[in-house]
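Each remark here refers to the structure printed beneath this line.
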Amino acid sequence: MAIFMGRYFHNLDQKNRIFIPSKFRDALGDSFVLYMPKKTGKCIFAYTLADWEEVSNLKNNKPLSKELTLQQRSTYLGTEMVDADNQGRVTISKEFCEFAELEKEVVFFGAGRRIEIWSRSEWDAMLQAKAESDEDEEDNVPF
């Protein structure tokens with residue numbers, strides 16, 4: 001299981017291609033999943049195929065119901081698989097770029113088992129809101 005940490009800045013080109021940070025590239029693999037989370041800010045999550053398979057199993061290993069079907073649609077409508085080219089770039093679809101408001105400067109943030117992909121302006125706004133919030137969580141690292 002890959003654990004992603006760190007923050008990296010890269011530029012999106014005019015064809016919506018971007019270099020995956022080298023520190024993330026090997027662990028992500030040549031193909032990985034992008035997901036648009038609807039409730040956690042204007043960013044895109046990137047998952048390894050193994051971790052996405054685990055997410056899928058959690059979603060799919062329940063008795064079929066109308067609620068499950070709606071949850072599956074909601075999840076899978078916001079996903080796409082991407083493949084890195086020979087240079088370590090991926091193309092992010094127009095829909096995903098619009099969702100996350102990606103334009104030029106992009107932030108890759110390692111958040112444990114996933115990577116978050118933010119526009120620089122949304123990233124800065126999120127950090128500013130966090131700094132102004134009274135709800136700042138304490139460090140809860142056990143050692």
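Starting from 1 in every chain, residues are counted up; chains themselves are A, B, ... following the order of the structure tokens, and ligands are numbered from 1 as listed.
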Apply DSSP to the backbone of this structure and, from range 46-137 of chain A, keep only the residues in strand (DSSP E or B); write these as a ChimeraX atom specification. /A:46-47,79-83,89-91,105-112,114-119
Residues near Phe19 in chain A, cut-off 7 Å, only C-alpha atoms, skip fewer than 4 positions along chain, as a count of residues only: 4
Pick out the residues sitting within 12 Å of range 107-116 of chain A, and hand them over as an MDAnalysis selection string; count only C-alpha atoms, and ignore anything fewer than 4 positions along from it in its own chain. chainID A and resid 1:12 18:25 27:28 32:37 40:52 54:55 100:103 120:124
File of the preceding selection, C-alpha atoms, as a CSV table (one decimal), in the first residue's frame:
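Full text of result.csv as output:
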chain,number,residue,atom,x,y,z
A,1,MET,CA,0.0,0.0,0.0
A,2,ALA,CA,1.4,3.4,-1.0
A,3,ILE,CA,1.5,6.3,1.4
A,4,PHE,CA,1.7,9.7,-0.2
A,5,MET,CA,3.1,12.7,1.5
A,6,GLY,CA,4.3,16.1,0.5
A,7,ARG,CA,3.2,19.1,-1.6
A,8,TYR,CA,4.4,19.7,-5.2
A,9,PHE,CA,3.7,22.4,-7.8
A,10,HIS,CA,3.4,21.7,-11.5
A,11,ASN,CA,1.9,23.5,-14.5
A,12,LEU,CA,-1.0,22.2,-16.6
A,18,ILE,CA,0.5,17.6,-16.4
A,19,PHE,CA,3.6,15.9,-15.0
A,20,ILE,CA,3.0,13.7,-12.1
A,21,PRO,CA,5.5,14.5,-9.4
A,22,SER,CA,8.4,12.0,-9.5
A,23,LYS,CA,7.9,11.2,-5.8
A,24,PHE,CA,4.4,10.0,-6.6
A,25,ARG,CA,4.9,8.4,-10.0
A,27,ALA,CA,3.7,4.3,-6.4
A,28,LEU,CA,0.8,5.5,-8.6
A,32,PHE,CA,-4.5,5.2,-11.9
A,33,VAL,CA,-8.0,6.5,-11.0
A,34,LEU,CA,-9.1,10.2,-10.7
A,35,TYR,CA,-12.2,10.9,-8.6
A,36,MET,CA,-14.2,14.1,-8.2
A,37,PRO,CA,-15.3,14.2,-4.5
A,40,THR,CA,-14.6,17.9,0.1
A,41,GLY,CA,-13.7,21.0,-1.8
A,42,LYS,CA,-12.8,21.7,-5.4
A,43,CYS,CA,-10.0,19.2,-5.8
A,44,ILE,CA,-9.5,15.8,-7.6
A,45,PHE,CA,-8.5,12.7,-5.7
A,46,ALA,CA,-6.0,10.3,-7.3
A,47,TYR,CA,-5.9,6.6,-6.2
A,48,THR,CA,-3.7,3.7,-7.1
A,49,LEU,CA,-5.6,0.9,-8.9
A,50,ALA,CA,-5.2,-1.3,-5.9
A,51,ASP,CA,-6.7,1.3,-3.5
A,52,TRP,CA,-9.5,2.1,-6.0
A,54,GLU,CA,-10.6,-1.6,-2.4
A,55,VAL,CA,-13.0,1.4,-2.6
A,100,ALA,CA,-11.5,21.6,-9.8
A,101,GLU,CA,-11.0,24.9,-11.6
A,102,LEU,CA,-7.6,23.8,-12.8
A,103,GLU,CA,-6.0,26.3,-15.1
A,120,ARG,CA,-3.2,26.9,-6.8
A,121,SER,CA,-5.9,29.5,-6.1
A,122,GLU,CA,-8.3,27.0,-4.5
A,123,TRP,CA,-5.4,25.5,-2.5
A,124,ASP,CA,-4.4,28.9,-1.2
So, with only C-alpha atoms as the atoms that count, which of A:Ser93, A:Gln71, A:Ser119, A:Asn61 lies closest to Arg17 in chain A? A:Ser93
